[in-house]
>>> print(open('model34.csv').read())   # CSV, C-alpha atoms and all ligand atoms
chain,number,residue,atom,x,y,z
Q,20,VAL,CA,0.0,0.0,0.0
Q,21,THR,CA,1.3,3.4,-0.9
Q,22,THR,CA,0.1,6.7,0.6
Q,23,SER,CA,0.4,10.1,-0.8
Q,24,ALA,CA,1.9,13.1,1.1
Q,25,ARG,CA,-1.6,14.5,1.7
Q,26,LYS,CA,-2.9,13.5,5.1
Q,27,ARG,CA,-6.2,11.6,4.8
Q,28,VAL,CA,-9.2,11.1,7.0
Q,29,VAL,CA,-11.5,8.1,6.9
Q,30,THR,CA,-14.7,7.2,8.7
Q,31,ILE,CA,-15.4,3.6,9.7
Q,32,THR,CA,-18.7,2.5,11.1
Q,33,GLY,CA,-18.6,-0.3,13.6
Q,34,ALA,CA,-15.1,0.4,14.6
Q,35,THR,CA,-15.4,-1.0,18.1
Q,36,SER,CA,-14.7,-4.6,17.3
Q,37,GLY,CA,-13.7,-7.1,14.6
Q,38,ILE,CA,-12.8,-5.9,11.1
Q,39,GLY,CA,-13.7,-2.3,11.8
Q,40,LEU,CA,-11.4,-2.0,14.8
Q,41,ALA,CA,-8.6,-3.8,13.0
Q,42,LEU,CA,-9.1,-1.4,10.0
Q,43,ALA,CA,-8.9,1.6,12.3
Q,44,GLU,CA,-5.6,0.2,13.7
Q,45,ALA,CA,-4.2,-0.3,10.2
Q,46,LEU,CA,-5.2,3.2,9.0
Q,47,LEU,CA,-3.8,4.8,12.1
Q,48,ALA,CA,-0.6,2.9,11.5
Q,49,HIS,CA,-0.4,4.6,8.1
Q,50,ASP,CA,-1.0,8.0,9.8
Q,51,VAL,CA,-4.5,8.3,8.4
Q,52,SER,CA,-6.9,10.2,10.7
Q,53,VAL,CA,-9.8,8.0,11.8
Q,54,ILE,CA,-13.3,8.8,12.8
Q,55,GLY,CA,-14.7,5.5,14.1
Q,56,THR,CA,-18.3,4.9,15.2
Q,57,GLY,CA,-20.0,2.5,17.7
Q,58,HIS,CA,-23.3,2.3,19.5
Q,59,SER,CA,-22.2,1.4,23.0
Q,60,SER,CA,-20.5,3.9,25.3
Q,61,GLU,CA,-18.4,1.1,27.0
Q,62,CYS,CA,-17.3,-0.4,23.7
Q,63,ILE,CA,-16.4,3.0,22.3
Q,64,ALA,CA,-14.4,3.9,25.4
Q,65,ALA,CA,-12.5,0.5,25.2
Q,66,ALA,CA,-11.8,0.9,21.5
Q,67,ARG,CA,-10.7,4.5,22.0
Q,68,GLN,CA,-8.3,3.5,24.8
Q,69,GLN,CA,-6.9,0.6,22.8
Q,70,LEU,CA,-6.3,2.7,19.7
Q,71,ALA,CA,-4.9,5.7,21.5
Q,72,ALA,CA,-2.5,3.6,23.5
Q,73,ALA,CA,-1.2,1.9,20.3
Q,74,PHE,CA,-1.0,5.1,18.3
Q,75,PRO,CA,-0.4,8.0,20.6
Q,76,GLY,CA,-0.6,11.5,19.0
Q,77,ARG,CA,-2.6,10.3,15.9
Q,78,GLN,CA,-5.9,11.9,15.1
Q,79,LEU,CA,-8.7,9.6,16.4
Q,80,ALA,CA,-12.3,10.3,17.2
Q,81,MET,CA,-15.0,7.8,18.2
Q,82,LEU,CA,-18.6,8.9,17.7
Q,83,ASN,CA,-21.6,7.2,19.2
Q,84,ALA,CA,-24.7,6.5,17.0
Q,85,ASP,CA,-27.2,3.7,16.8
Q,86,LEU,CA,-27.2,3.0,13.0
Q,87,SER,CA,-30.6,1.2,13.2
Q,88,LEU,CA,-32.2,4.6,13.5
Q,89,GLN,CA,-32.2,7.1,10.6
Q,90,ALA,CA,-32.4,10.0,13.0
Q,91,GLU,CA,-29.1,8.8,14.5
Q,92,VAL,CA,-27.5,8.2,11.1
Q,93,ARG,CA,-28.3,11.9,10.2
Q,94,ARG,CA,-27.0,13.0,13.6
Q,95,LEU,CA,-23.8,11.0,13.0
Q,96,ALA,CA,-23.2,12.6,9.6
Q,97,ASP,CA,-23.5,16.0,11.2
Q,98,GLY,CA,-21.1,14.9,14.0
Q,99,ILE,CA,-18.6,13.7,11.4
Q,100,ALA,CA,-18.8,17.1,9.6
Q,101,VAL,CA,-18.2,18.9,12.9
Q,102,GLN,CA,-15.2,16.6,13.7
Q,103,LEU,CA,-13.7,17.2,10.3
Q,104,ARG,CA,-14.0,21.0,10.7
Q,105,SER,CA,-12.4,20.8,14.1
Q,106,TRP,CA,-9.4,19.0,12.7
Q,107,GLY,CA,-9.2,21.5,9.8
Q,108,TYR,CA,-10.3,19.1,7.0
Q,109,GLN,CA,-12.5,20.4,4.2
Q,110,ALA,CA,-13.4,16.9,2.9
Q,111,LEU,CA,-13.8,13.3,3.9
Q,112,ASP,CA,-11.4,11.0,2.0
Q,113,GLY,CA,-13.0,7.6,2.9
Q,114,LEU,CA,-16.2,6.1,4.2
Q,115,VAL,CA,-16.2,2.5,5.2
Q,116,ASN,CA,-19.7,1.2,5.7
Q,117,ASN,CA,-18.7,-1.7,7.9
Q,118,ALA,CA,-21.2,-2.1,10.8
Q,119,ALA,CA,-23.7,-5.0,10.5
Q,120,THR,CA,-25.8,-7.2,12.7
Q,121,VAL,CA,-27.4,-10.7,12.4
Q,122,PRO,CA,-30.1,-11.0,14.9
Q,123,TYR,CA,-31.5,-14.6,15.0
Q,124,TRP,CA,-35.0,-13.5,16.0
Q,125,GLN,CA,-36.6,-10.6,14.1
Q,126,THR,CA,-36.3,-7.3,15.9
Q,127,LEU,CA,-37.9,-4.1,14.8
Q,128,THR,CA,-36.2,-0.8,15.3
Q,129,ALA,CA,-37.9,2.1,17.1
Q,130,GLU,CA,-38.6,3.5,13.7
Q,131,GLY,CA,-40.4,0.3,12.6
Q,132,PHE,CA,-37.8,-1.2,10.3
Q,133,ASP,CA,-36.4,-4.7,10.4
Q,134,MET,CA,-33.1,-4.4,12.3
Q,135,GLN,CA,-30.9,-6.2,9.7
Q,136,TRP,CA,-32.4,-4.2,6.8
Q,137,ALA,CA,-32.0,-1.0,8.8
Q,138,VAL,CA,-28.4,-1.5,10.0
Q,139,ASN,CA,-26.9,-3.5,7.1
Q,140,HIS,CA,-28.5,-1.7,4.2
Q,141,LEU,CA,-30.5,1.5,5.0
Q,142,ALA,CA,-27.8,2.9,7.2
Q,143,PRO,CA,-25.0,2.6,4.6
Q,144,PHE,CA,-27.4,4.1,2.0
Q,145,LEU,CA,-28.4,7.0,4.2
Q,146,LEU,CA,-24.9,7.7,5.7
Q,147,THR,CA,-23.4,7.7,2.2
Q,148,TRP,CA,-26.1,10.0,1.0
Q,149,GLN,CA,-25.5,12.4,3.8
Q,150,LEU,CA,-21.7,12.4,3.5
Q,151,LEU,CA,-21.5,12.4,-0.3
Q,152,PRO,CA,-20.8,16.2,-0.7
Q,153,LEU,CA,-17.9,15.9,1.8
Q,154,ILE,CA,-16.5,12.8,0.0
Q,155,GLU,CA,-16.9,14.5,-3.4
Q,156,ALA,CA,-14.9,17.4,-2.1
Q,157,SER,CA,-11.9,15.1,-1.6
Q,158,PRO,CA,-9.4,14.6,-4.5
Q,159,CYS,CA,-9.4,10.9,-3.7
Q,160,GLY,CA,-12.8,10.1,-2.2
Q,161,ARG,CA,-13.5,6.4,-1.6
Q,162,ILE,CA,-16.6,4.6,-0.4
Q,163,VAL,CA,-16.2,1.0,0.7
Q,164,THR,CA,-19.2,-1.0,1.8
Q,165,ILE,CA,-18.4,-4.3,3.4
Q,166,SER,CA,-20.5,-7.0,1.8
Q,167,SER,CA,-19.9,-10.8,2.0
Q,168,GLY,CA,-19.7,-13.9,0.0
Q,169,SER,CA,-23.1,-14.6,1.5
Q,170,HIS,CA,-24.5,-12.2,-1.1
Q,171,TYR,CA,-24.1,-15.0,-3.7
Q,172,ALA,CA,-26.9,-16.9,-1.9
Q,173,GLY,CA,-29.0,-13.7,-1.6
Q,174,LYS,CA,-32.0,-12.5,-3.6
Q,175,LEU,CA,-34.2,-9.5,-3.2
Q,176,HIS,CA,-37.7,-10.3,-1.7
Q,177,TRP,CA,-39.4,-7.3,-3.4
Q,178,ASP,CA,-42.9,-8.2,-2.1
Q,179,ASP,CA,-41.6,-8.4,1.5
Q,180,ILE,CA,-38.1,-6.8,1.5
Q,181,GLN,CA,-37.9,-6.6,5.3
Q,182,LEU,CA,-39.1,-10.2,5.6
Q,183,LEU,CA,-41.9,-9.1,7.9
Q,184,ARG,CA,-44.1,-12.0,6.9
Q,185,ARG,CA,-41.4,-14.7,7.1
Q,186,TYR,CA,-38.1,-13.8,8.8
Q,187,GLN,CA,-35.2,-16.1,8.5
Q,188,PRO,CA,-31.9,-14.6,9.8
Q,189,LEU,CA,-29.6,-15.9,7.1
Q,190,THR,CA,-32.1,-15.1,4.3
Q,191,ALA,CA,-32.2,-11.5,5.7
Q,192,TYR,CA,-28.4,-11.4,6.0
Q,193,ASN,CA,-27.8,-12.7,2.5
Q,194,GLN,CA,-30.3,-10.2,1.1
Q,195,SER,CA,-28.7,-7.3,3.0
Q,196,LYS,CA,-25.2,-8.3,1.7
Q,197,LEU,CA,-26.6,-8.5,-1.8
Q,198,ALA,CA,-28.1,-5.1,-1.3
Q,199,ASN,CA,-24.6,-3.8,-0.3
Q,200,VAL,CA,-23.2,-4.8,-3.8
Q,201,LEU,CA,-26.3,-3.6,-5.7
Q,202,PHE,CA,-26.2,-0.3,-3.9
Q,203,THR,CA,-22.5,0.1,-4.7
Q,204,ALA,CA,-23.0,-0.7,-8.4
Q,205,GLU,CA,-25.9,1.7,-8.6
Q,206,LEU,CA,-24.0,4.4,-6.8
Q,207,LYS,CA,-21.2,4.0,-9.3
Q,208,ARG,CA,-23.7,4.4,-12.2
Q,209,ARG,CA,-25.4,7.4,-10.6
Q,210,LEU,CA,-22.0,9.1,-9.9
Q,211,GLY,CA,-21.1,8.7,-13.5
Q,212,THR,CA,-17.7,8.4,-15.1
Q,213,ALA,CA,-16.8,12.0,-14.5
Q,214,SER,CA,-16.8,11.6,-10.7
Q,215,ARG,CA,-13.5,11.3,-8.9
Q,216,VAL,CA,-15.1,9.2,-6.1
Q,217,LEU,CA,-14.3,5.5,-6.3
Q,218,VAL,CA,-16.8,3.1,-4.8
Q,219,PHE,CA,-16.3,-0.6,-3.9
Q,220,ALA,CA,-18.1,-3.4,-2.2
Q,221,ALA,CA,-15.7,-5.7,-0.4
Q,222,ASP,CA,-15.9,-9.3,0.8
Q,223,PRO,CA,-13.5,-9.7,3.7
Q,224,GLY,CA,-13.8,-13.5,3.6
Q,225,LEU,CA,-14.7,-15.6,6.6
Q,226,VAL,CA,-13.2,-13.7,9.6
Q,227,ASP,CA,-12.8,-14.8,13.2
Q,228,THR,CA,-14.9,-12.1,14.8
Q,229,SER,CA,-17.7,-12.0,17.4
Q,230,ILE,CA,-20.5,-11.1,14.9
Q,231,GLY,CA,-22.4,-14.3,15.3
Q,232,ALA,CA,-21.9,-14.2,19.1
Q,233,LYS,CA,-24.1,-11.1,19.2
Q,234,SER,CA,-27.2,-12.8,17.7
Q,235,ASN,CA,-30.0,-13.2,20.2
Q,236,ALA,CA,-30.1,-17.0,20.2
Q,237,ARG,CA,-27.8,-19.5,22.0
Q,238,LEU,CA,-27.9,-22.0,19.2
Q,239,ALA,CA,-26.7,-19.5,16.6
Q,240,GLU,CA,-24.0,-18.3,18.9
Q,241,ARG,CA,-22.7,-21.9,19.4
Q,242,VAL,CA,-22.7,-22.6,15.6
Q,243,TRP,CA,-20.8,-19.3,15.0
Q,244,SER,CA,-18.3,-20.1,17.8
Q,245,PHE,CA,-17.4,-23.3,15.8
Q,246,ARG,CA,-17.4,-21.7,12.4
Q,247,ARG,CA,-15.3,-18.6,13.2
Q,248,ARG,CA,-12.4,-20.9,14.0
Q,249,SER,CA,-11.9,-21.4,10.3
Q,250,GLY,CA,-11.7,-17.7,9.6
Q,251,ILE,CA,-8.8,-15.4,9.0
Q,252,SER,CA,-7.9,-12.8,11.6
Q,253,SER,CA,-9.5,-9.3,11.6
Q,254,GLN,CA,-6.0,-7.9,10.9
Q,255,GLN,CA,-5.7,-10.0,7.7
Q,256,ALA,CA,-9.2,-8.9,6.6
Q,257,ALA,CA,-8.3,-5.3,7.2
Q,258,ALA,CA,-5.1,-5.7,5.2
Q,259,GLY,CA,-7.2,-6.7,2.2
Q,260,LEU,CA,-9.3,-3.6,2.5
Q,261,LEU,CA,-6.4,-1.1,2.8
Q,262,PRO,CA,-5.6,-0.9,-0.9
Q,263,LEU,CA,-9.2,0.2,-1.7
Q,264,LEU,CA,-8.7,3.1,0.6
Q,265,LEU,CA,-5.1,4.1,0.3
Q,266,ASP,CA,-3.6,3.1,-3.1
Q,267,PRO,CA,-3.4,6.1,-5.4
Q,268,ALA,CA,-6.0,4.3,-7.6
Q,269,PRO,CA,-6.5,0.6,-7.4
Q,270,ALA,CA,-6.0,-1.1,-10.7
Q,271,GLU,CA,-9.3,-2.0,-12.5
Q,272,THR,CA,-11.3,0.6,-10.6
Q,273,ASP,CA,-14.2,-0.2,-12.9
Q,274,GLN,CA,-14.6,-3.4,-10.8
Q,275,VAL,CA,-17.3,-3.1,-8.1
Q,276,TYR,CA,-16.7,-6.2,-6.0
Q,277,TRP,CA,-13.3,-6.9,-4.3
Q,278,LYS,CA,-11.9,-9.7,-2.1
Q,279,HIS,CA,-8.5,-9.5,-0.3
Q,280,GLY,CA,-7.4,-6.6,-2.5
Q,281,HIS,CA,-8.4,-8.2,-5.8
Q,282,PRO,CA,-11.5,-7.8,-8.0
Q,283,GLN,CA,-13.9,-10.7,-8.0
Q,284,LYS,CA,-17.0,-11.4,-10.0
Q,285,PRO,CA,-20.1,-10.8,-7.8
Q,286,SER,CA,-23.4,-12.6,-8.4
Q,287,ARG,CA,-25.2,-11.8,-11.7
Q,288,LEU,CA,-28.0,-10.3,-9.8
Q,289,ALA,CA,-25.7,-7.9,-7.9
Q,290,LEU,CA,-24.9,-6.2,-11.2
Q,291,ASP,CA,-28.4,-6.1,-12.6
Q,292,PRO,CA,-29.0,-2.4,-13.4
Q,293,ASP,CA,-32.8,-2.7,-13.1
Q,294,SER,CA,-32.6,-4.2,-9.6
Q,295,GLY,CA,-30.0,-1.6,-8.6
Q,296,TRP,CA,-32.3,1.2,-9.8
Q,297,ARG,CA,-35.3,-0.3,-8.0
Q,298,LEU,CA,-33.4,-0.8,-4.8
Q,299,TRP,CA,-32.1,2.7,-4.9
Q,300,GLU,CA,-35.6,4.2,-5.4
Q,301,LEU,CA,-37.0,2.0,-2.6
Q,302,SER,CA,-34.2,2.9,-0.2
Q,303,ALA,CA,-34.6,6.6,-1.0
Q,304,ARG,CA,-38.3,6.4,-0.2
Q,305,MET,CA,-37.6,4.4,3.0
Q,306,CYS,CA,-35.0,7.0,4.1
Q,307,GLY,CA,-37.1,10.0,3.0
Q,308,VAL,CA,-34.4,11.3,0.5
Q,309,GLU,CA,-34.7,12.1,-3.2
Q,310,GLY,CA,-33.1,9.8,-5.8
Q,311,ARG,CA,-30.5,11.1,-8.1
Q,312,ARG,CA,-29.0,9.8,-11.3
Q,313,GLN,CA,-26.6,11.7,-13.4
Q,314,ALA,CA,-26.8,11.4,-17.2
Q,401,LIG,N1,-16.9,-12.0,10.3
Q,401,LIG,C1,-17.1,-12.5,9.0
Q,401,LIG,O1,-16.8,-13.7,8.8
Q,401,LIG,C2,-17.6,-11.7,7.9
Q,401,LIG,C3,-17.7,-12.3,6.7
Q,401,LIG,C4,-18.2,-11.5,5.6
Q,401,LIG,C5,-18.6,-10.2,5.8
Q,401,LIG,N2,-18.5,-9.7,7.1
Q,401,LIG,C6,-18.9,-8.3,7.3
Q,401,LIG,O2,-17.9,-7.5,7.9
Q,401,LIG,C7,-18.5,-6.4,8.6
Q,401,LIG,C8,-17.9,-6.4,10.0
Q,401,LIG,O3,-18.3,-7.5,10.7
Q,401,LIG,P1,-17.4,-8.2,11.9
Q,401,LIG,O4,-17.3,-9.6,11.6
Q,401,LIG,O5,-16.2,-7.4,12.1
Q,401,LIG,O6,-18.5,-8.1,13.1
Q,401,LIG,P2,-18.4,-7.3,14.5
Q,401,LIG,O7,-17.1,-7.5,15.2
Q,401,LIG,O8,-19.6,-7.7,15.2
Q,401,LIG,O9,-18.5,-5.8,14.1
Q,401,LIG,C9,-19.7,-5.2,13.8
Q,401,LIG,C10,-19.6,-3.7,14.2
Q,401,LIG,O10,-20.9,-3.1,14.0
Q,401,LIG,C11,-21.4,-2.5,15.1
Q,401,LIG,N3,-22.8,-2.4,15.1
Q,401,LIG,C12,-23.7,-3.4,15.2
Q,401,LIG,N4,-25.0,-3.0,15.2
Q,401,LIG,C13,-24.9,-1.6,15.3
Q,401,LIG,C14,-25.8,-0.6,15.4
Q,401,LIG,N5,-27.1,-0.8,15.5
Q,401,LIG,N6,-25.4,0.7,15.4
Q,401,LIG,C15,-24.1,1.0,15.3
Q,401,LIG,N7,-23.1,0.0,15.2
Q,401,LIG,C16,-23.5,-1.3,15.2
Q,401,LIG,C17,-20.9,-3.4,16.3
Q,401,LIG,O11,-20.9,-2.8,17.5
Q,401,LIG,P3,-21.2,-3.7,18.8
Q,401,LIG,O12,-20.2,-4.7,18.9
Q,401,LIG,O13,-21.2,-2.7,20.0
Q,401,LIG,O14,-22.6,-4.3,18.6
Q,401,LIG,C18,-19.4,-3.6,15.8
Q,401,LIG,O15,-18.6,-2.5,16.0
Q,401,LIG,C19,-20.0,-6.6,8.6
Q,401,LIG,O16,-20.5,-5.8,7.5
Q,401,LIG,C20,-20.1,-8.1,8.2
Q,401,LIG,O17,-21.3,-8.3,7.5
Q,401,LIG,C21,-18.0,-10.4,8.2
>>> encode(input="model34.csv", output="structure tokens")
Amino acid sequence: VTTSARKRVVTITGATSGIGLALAEALLAHDVSVIGTGHSSECIAAARQQLAAAFPGRQLAMLNADLSLQAEVRRLADGIAVQLRSWGYQALDGLVNNAATVPYWQTLTAEGFDMQWAVNHLAPFLLTWQLLPLIEASPCGRIVTISSGSHYAGKLHWDDIQLLRRYQPLTAYNQSKLANVLFTAELKRRLGTASRVLVFAADPGLVDTSIGAKSNARLAERVWSFRRRSGISSQQAAAGLLPLLLDPAPAETDQVYWKHGHPQKPSRLALDPDSGWRLWELSARMCGVEGRRQA
């Protein structure tokens, strides 16, 4: 990974554990300023302490926002803008939509959305939307949304997108990770070829994190505790994401989906422009923002 002389600043959602925390470490090690986010004061304090101790003197902020709530996503975007200004930045160089959740039993947010749909898809959509002007102001803006190989098994349940009639945790997860790739591909189309902003969906591979231990069912936690043992470390996963954020321009930037620093073919459905368009319009309606597509 090569870095330019210009100091960069990157926001990572879900930077309190797993891949997000490891990516924060990796970026700080490259002297990139980091604005991490979490949704628990204790986890935020622990992550801040760990990162500050490892990288004293680096620019680090940890902001608190529950990404299941659109009001909080909007408040977070405002908080990021305030943080950037206080550090003297005019732009945001990178946004990593990393936070995700896999509740075993369906949970509805206080705003009435399915928790997985809200955190895993609507939050990346809305946060990107809110931060786009700041990212476009950067000479090297990057938006990386963490998807998963699970997207290959996903399909869009258009008649019940939040699976309110029949919720199944992995069906919801696969769909949300497919939505991450569709969203990225559609964002790329809407930005158009003239935009300097590079957008990627990234598959970190199977990673030994606690994500499945946070589901609300013992059985799922036990299955995950076994499965995660085959995974790579969060540090290895983060190393695969760095080139998307730091390299002057990753080769083959027309590729949407990346794994371990290399482009991969996503599912056929993930690149379907009609589905991308439909998902964007639906997400914009659900988030109360207006759609935009450049010629
Ligand atoms: N682990 C894997 O094998 C794997 C494979 C493919 C893709 N991924 C993807 O990698 C990304 C990171 O996952 P991970 O494995 O590193 O899991 P993780 O350690 O559980 O990290 C998820 C992060 O998201 C945060 N988060 C969850 N719900 C939130 C909410 N409502 N508001 C704000 N933040 C919230 C978590 O905070 P708390 O800990 O405080 O809840 C945590 O910081 C996810 O997008 C996941 O889908 C993971």
>>> closest_residue(input="model34.csv", among="Q:Gln149, Q:Ala270, Q:Gly37, Q:Trp299", to="Arg247 of chain Q", atoms="all atoms listed in the file")
Q:Gly37
>>> residues_around(input="model34.csv", residues="Ala191 of chain Q", least_positions_apart="5", cutoff="10 Å", atoms="all atoms listed in the file", output="CSV table (one decimal) with C-alpha atoms, keeping the file's coordinate frame")
chain,number,residue,atom,x,y,z
Q,121,VAL,CA,-27.4,-10.7,12.4
Q,122,PRO,CA,-30.1,-11.0,14.9
Q,123,TYR,CA,-31.5,-14.6,15.0
Q,125,GLN,CA,-36.6,-10.6,14.1
Q,133,ASP,CA,-36.4,-4.7,10.4
Q,134,MET,CA,-33.1,-4.4,12.3
Q,135,GLN,CA,-30.9,-6.2,9.7
Q,136,TRP,CA,-32.4,-4.2,6.8
Q,139,ASN,CA,-26.9,-3.5,7.1
Q,173,GLY,CA,-29.0,-13.7,-1.6
Q,174,LYS,CA,-32.0,-12.5,-3.6
Q,175,LEU,CA,-34.2,-9.5,-3.2
Q,176,HIS,CA,-37.7,-10.3,-1.7
Q,180,ILE,CA,-38.1,-6.8,1.5
Q,181,GLN,CA,-37.9,-6.6,5.3
Q,182,LEU,CA,-39.1,-10.2,5.6
Q,185,ARG,CA,-41.4,-14.7,7.1
Q,186,TYR,CA,-38.1,-13.8,8.8
Q,196,LYS,CA,-25.2,-8.3,1.7
Q,197,LEU,CA,-26.6,-8.5,-1.8
>>> residues_near_ligand(input="model34.csv", ligand="ligand LIG 401 (chain Q)", cutoff="8 Å", atoms="only C-alpha atoms and all ligand atoms", output="NGL selection string")
:Q and (32-40 or 56-59 or 62-63 or 83-88 or 116-120 or 134 or 138-139 or 164-169 or 192 or 196 or 222-233 or 247 or 250 or 253)
>>> atom_distance(input="model34.csv", atom1="atom CA of Gly160 of chain Q", atom2="atom CA of Ala71 of chain Q")
25.4 Å
>>> residues_around(input="model34.csv", residues="Ser294 of chain Q", least_positions_apart="6", cutoff="12 Å", atoms="all atoms listed in the file", output="ChimeraX atom specification")
/Q:174-177,197-198,200-202,204-205,287-288,300-302
>>> residues_around(input="model34.csv", residues="segment 277-285 of chain Q", least_positions_apart="6", cutoff="9 Å", atoms="all atoms listed in the file", output="ChimeraX atom specification")
/Q:168,170-171,200,219-224,255-263,269-271
>>> write_last_selection(input="model34.csv", atoms="C-alpha atoms", output="mmCIF file, in the coordinates of the input")
data_model
loop_
_atom_site.group_PDB
_atom_site.id
_atom_site.type_symbol
_atom_site.label_atom_id
_atom_site.label_comp_id
_atom_site.auth_asym_id
_atom_site.auth_seq_id
_atom_site.Cartn_x
_atom_site.Cartn_y
_atom_site.Cartn_z
ATOM 1 C CA GLY Q 168 -19.700 -13.900 0.000
ATOM 2 C CA HIS Q 170 -24.500 -12.200 -1.100
ATOM 3 C CA TYR Q 171 -24.100 -15.000 -3.700
ATOM 4 C CA VAL Q 200 -23.200 -4.800 -3.800
ATOM 5 C CA PHE Q 219 -16.300 -0.600 -3.900
ATOM 6 C CA ALA Q 220 -18.100 -3.400 -2.200
ATOM 7 C CA ALA Q 221 -15.700 -5.700 -0.400
ATOM 8 C CA ASP Q 222 -15.900 -9.300 0.800
ATOM 9 C CA PRO Q 223 -13.500 -9.700 3.700
ATOM 10 C CA GLY Q 224 -13.800 -13.500 3.600
ATOM 11 C CA GLN Q 255 -5.700 -10.000 7.700
ATOM 12 C CA ALA Q 256 -9.200 -8.900 6.600
ATOM 13 C CA ALA Q 257 -8.300 -5.300 7.200
ATOM 14 C CA ALA Q 258 -5.100 -5.700 5.200
ATOM 15 C CA GLY Q 259 -7.200 -6.700 2.200
ATOM 16 C CA LEU Q 260 -9.300 -3.600 2.500
ATOM 17 C CA LEU Q 261 -6.400 -1.100 2.800
ATOM 18 C CA PRO Q 262 -5.600 -0.900 -0.900
ATOM 19 C CA LEU Q 263 -9.200 0.200 -1.700
ATOM 20 C CA PRO Q 269 -6.500 0.600 -7.400
ATOM 21 C CA ALA Q 270 -6.000 -1.100 -10.700
ATOM 22 C CA GLU Q 271 -9.300 -2.000 -12.500
#
>>> residues_around(input="model34.csv", residues="Ile99 of chain Q", least_positions_apart="3", cutoff="10 Å", atoms="all atoms listed in the file", output="PDB file with C-alpha atoms, in the frame of the given file")
ATOM      1  CA  THR Q  30     -14.700   7.200   8.700  1.00  0.00           C
ATOM      2  CA  ILE Q  54     -13.300   8.800  12.800  1.00  0.00           C
ATOM      3  CA  GLY Q  55     -14.700   5.500  14.100  1.00  0.00           C
ATOM      4  CA  THR Q  56     -18.300   4.900  15.200  1.00  0.00           C
ATOM      5  CA  ALA Q  80     -12.300  10.300  17.200  1.00  0.00           C
ATOM      6  CA  MET Q  81     -15.000   7.800  18.200  1.00  0.00           C
ATOM      7  CA  LEU Q  82     -18.600   8.900  17.700  1.00  0.00           C
ATOM      8  CA  ARG Q  93     -28.300  11.900  10.200  1.00  0.00           C
ATOM      9  CA  ARG Q  94     -27.000  13.000  13.600  1.00  0.00           C
ATOM     10  CA  LEU Q  95     -23.800  11.000  13.000  1.00  0.00           C
ATOM     11  CA  ALA Q  96     -23.200  12.600   9.600  1.00  0.00           C
ATOM     12  CA  GLN Q 102     -15.200  16.600  13.700  1.00  0.00           C
ATOM     13  CA  LEU Q 103     -13.700  17.200  10.300  1.00  0.00           C
ATOM     14  CA  ARG Q 104     -14.000  21.000  10.700  1.00  0.00           C
ATOM     15  CA  SER Q 105     -12.400  20.800  14.100  1.00  0.00           C
ATOM     16  CA  LEU Q 111     -13.800  13.300   3.900  1.00  0.00           C
ATOM     17  CA  LEU Q 150     -21.700  12.400   3.500  1.00  0.00           C
ATOM     18  CA  LEU Q 153     -17.900  15.900   1.800  1.00  0.00           C
TER      19      LEU Q 153
END
>>> closest_residue(input="model34.csv", among="Q:Ala142, Q:Leu238, Q:Val29, Q:Leu127", to="Leu46 of chain Q", atoms="only C-alpha atoms")
Q:Val29
>>> atom_distance(input="model34.csv", atom1="atom CA of Thr190 of chain Q", atom2="atom CA of His140 of chain Q")
13.9 Å
